[in-house]
Amino acid sequence: MIFEIFSKRRRKETGVIEDVYLYDSIPQKLRNQILHIWNYAIANDWEAWEFIHDTIARELGLITIVKDYYSNKKEGCIKFLLNHENTEETIDIIELSFVIIDVLKKNDPYAQRCNRKQKPEDAIDELNHRFKENNIGYEYINGKIIRIDRALTHSEVVKPAIKVLYEHEFEGANDEFMEAHKCYREGDYKGAIYNAQKSFESVMKTICERMRFEYNKEKDTASVLIKILVNEDFIPKSLSNHFDGLKVCLNGIKTSLESGLPTLRNRKAGHGQGEEIVGVPEYLAVYAINLVATNIVLLVDIYTLDYKNTL
């Protein structure tokens, strides 16, 4: 339930709203807006509140999720949302609550039970709108809150890849691509590249299985899988040069990682202290994820548009 009130229109007109995402805090305004969504979309579903409360308590190793007294588990969840200082743990309860709301798309799609007033899909749409409205760089998609990053060209590249993997049941590849996102968010850029490449390989393996193309599940790498798809004419000949270039690029990234060449070195102050390896650079992870995402969408589109209905 979103209204473009005067003050918001005015901030847009005067350029007050910045096009920069924040990640390290959840402002009170956003917490309050999420509470309103909870009150409309979960409402008095006590079973849902019990699950959210008890899961958060168990996973965070708590007896009660807030120190203050609360009369029921819904109230405890609300106090946690409004007052908890740890940003990542606050996102934990937001994510879990919307996983529950997501489940309600099947169990109560028209919001007719427990005094609900908002349909689940509308609640999820509103959450994502509120994130964007408050310049908070997260989005709920397919059961997870993921970090949006301008460098990852999220809307144009990454999100479509997540969408096609989920919709067309490329489950292994989807898990690996989400893990790449998680590694990126946590600053593990080598892990992000590794899982992005695994995801790309898993897409091709899944296609080979569904198309009954002969391949070695344990040994075939991206290079071999691309060759198989080209030889089977799954990848059109007109695109073979593109995928040859992709193959070289992915192999180059892999070789560079294994040889340690892309590590950044930060010279310490003073003399005689040498150099300190500070890790795989972020820009390389961004490049790899964007590259893999684009080609995942291409491969899955070829499969779904040209082949799926003929199998």
# chains A, B, ... in the order shown; residues from 1 in each chain; ligands from 1
>>> closest_atom_pairs(of="region 200-240 of chain A", to="region 155-166 of chain A", cutoff="12 Å", atoms="only C-alpha atoms", output="Markdown table")
| residue | atom | partner | partner_atom | distance |
| --- | --- | --- | --- | --- |
| A:Phe200 | CA | A:Ala161 | CA | 10.5 |
| A:Ser202 | CA | A:Leu165 | CA | 10.7 |
| A:Val203 | CA | A:Leu165 | CA | 8.4 |
| A:Met204 | CA | A:Leu165 | CA | 11.9 |
| A:Thr206 | CA | A:Leu165 | CA | 11.0 |
| A:Ile207 | CA | A:Leu165 | CA | 11.8 |
>>> residues_around(residues="Lys190 (chain A)", least_positions_apart="5", cutoff="9 Å", atoms="only C-alpha atoms", output="number ranges by chain")
A: 183-184, 195, 257, 279-282, 284-285
>>> write_last_selection(atoms="C-alpha atoms", output="PDB file, in the first residue's frame")
ATOM      1  CA  CYS A 183      30.399 -14.105  -0.884  1.00  0.00           C
ATOM      2  CA  TYR A 184      30.455 -10.775  -2.704  1.00  0.00           C
ATOM      3  CA  ASN A 195      30.721 -19.763  -7.118  1.00  0.00           C
ATOM      4  CA  LEU A 257      43.220 -16.643  -9.357  1.00  0.00           C
ATOM      5  CA  GLY A 279      43.073 -10.119  -1.568  1.00  0.00           C
ATOM      6  CA  VAL A 280      41.267 -10.462  -4.873  1.00  0.00           C
ATOM      7  CA  PRO A 281      40.039  -7.028  -6.019  1.00  0.00           C
ATOM      8  CA  GLU A 282      36.328  -6.260  -5.915  1.00  0.00           C
ATOM      9  CA  LEU A 284      37.278  -8.575 -10.720  1.00  0.00           C
ATOM     10  CA  ALA A 285      34.422 -10.169  -8.749  1.00  0.00           C
TER      11      ALA A 285
END
>>> select_by_dssp(residues="region 24-240 of chain A", states="alpha helix (DSSP H)", output="PyMOL selection string")
chain A and resi 28-41+46-60+73-83+87-107+120-133+159-167+171-185+189-211+222-231+240
>>> residues_around(residues="Pro109 (chain A)", least_positions_apart="3", cutoff="8 Å", atoms="only C-alpha atoms", output="list in words")
Leu104, Lys105, Lys106, Gln112, Lys119 and Pro120 of chain A
>>> closest_residue(among="A:Tyr303, A:Phe213, A:Tyr138, A:Tyr189", to="Val286 (chain A)", atoms="only C-alpha atoms")
A:Tyr189
>>> closest_atom_pairs(of="region 91-131 of chain A", to="region 60-82 of chain A", cutoff="12 Å", atoms="only C-alpha atoms", output="tab-separated table")
residue	atom	partner	partner_atom	distance
A:Ile91	CA	A:Leu81	CA	8.8
A:Asp92	CA	A:Leu60	CA	9.7
A:Ile93	CA	A:Leu81	CA	7.2
A:Ile94	CA	A:Leu81	CA	7.7
A:Glu95	CA	A:Leu81	CA	11.3
A:Leu96	CA	A:Cys77	CA	11.1
A:Ser97	CA	A:Cys77	CA	9.5
>>> write_last_selection(atoms="C-alpha atoms", output="PDB file, in the first residue's frame")
ATOM      1  CA  ILE A  91      17.800  -8.018   8.286  1.00  0.00           C
ATOM      2  CA  ASP A  92      17.593 -11.616   9.552  1.00  0.00           C
ATOM      3  CA  ILE A  93      14.167 -11.063  11.086  1.00  0.00           C
ATOM      4  CA  ILE A  94      12.960  -9.010   8.108  1.00  0.00           C
ATOM      5  CA  GLU A  95      14.025 -11.758   5.704  1.00  0.00           C
ATOM      6  CA  LEU A  96      12.465 -14.521   7.810  1.00  0.00           C
ATOM      7  CA  SER A  97       9.193 -12.639   8.190  1.00  0.00           C
TER       8      SER A  97
END
>>> residues_around(residues="region 21-27 of chain A", least_positions_apart="2", cutoff="9 Å", atoms="only C-alpha atoms", output="mmCIF file with C-alpha atoms, in the first residue's frame")
data_model
loop_
_atom_site.group_PDB
_atom_site.id
_atom_site.type_symbol
_atom_site.label_atom_id
_atom_site.label_comp_id
_atom_site.auth_asym_id
_atom_site.auth_seq_id
_atom_site.Cartn_x
_atom_site.Cartn_y
_atom_site.Cartn_z
ATOM 1 C CA GLU A 18 20.154 10.553 -3.544
ATOM 2 C CA ASP A 19 20.713 7.716 -5.984
ATOM 3 C CA LYS A 29 11.539 5.203 9.262
ATOM 4 C CA LEU A 30 12.080 1.969 7.319
ATOM 5 C CA ARG A 31 11.647 -0.134 10.466
ATOM 6 C CA ASN A 32 8.318 1.600 11.111
ATOM 7 C CA GLU A 85 21.101 -2.363 16.856
ATOM 8 C CA ASN A 86 22.837 -5.055 14.818
ATOM 9 C CA THR A 87 21.968 -4.367 11.174
ATOM 10 C CA GLU A 88 22.576 -7.879 9.849
ATOM 11 C CA THR A 90 17.707 -6.942 11.931
ATOM 12 C CA ILE A 91 17.800 -8.018 8.286
ATOM 13 C CA LYS A 132 14.504 1.641 -2.542
ATOM 14 C CA ASN A 134 14.960 4.779 1.822
ATOM 15 C CA ASN A 135 18.084 4.237 -0.318
ATOM 16 C CA ILE A 136 18.788 0.942 1.419
ATOM 17 C CA GLY A 137 20.620 -1.404 -0.899
ATOM 18 C CA TYR A 138 18.709 -4.635 -0.386
ATOM 19 C CA ARG A 147 22.420 -6.858 -1.611
ATOM 20 C CA ILE A 148 21.910 -4.548 -4.567
ATOM 21 C CA ASP A 149 25.043 -2.954 -5.908
ATOM 22 C CA ARG A 150 25.217 -0.465 -8.731
#
>>> closest_residue(among="A:Ala48, A:His84, A:Ala222, A:Asp175", to="Lys144 (chain A)", atoms="only C-alpha atoms")
A:Asp175
>>> atom_distance(atom1="CA of Gln118 (chain A)", atom2="CA of Ile146 (chain A)")
23.4 Å
>>> select_by_dssp(residues="region 54-200 of chain A", states="strand (DSSP E)", output="list in words")
Tyr138, Glu139, Tyr140, Ile141, Lys144, Ile145, Ile146 and Arg147 of chain A
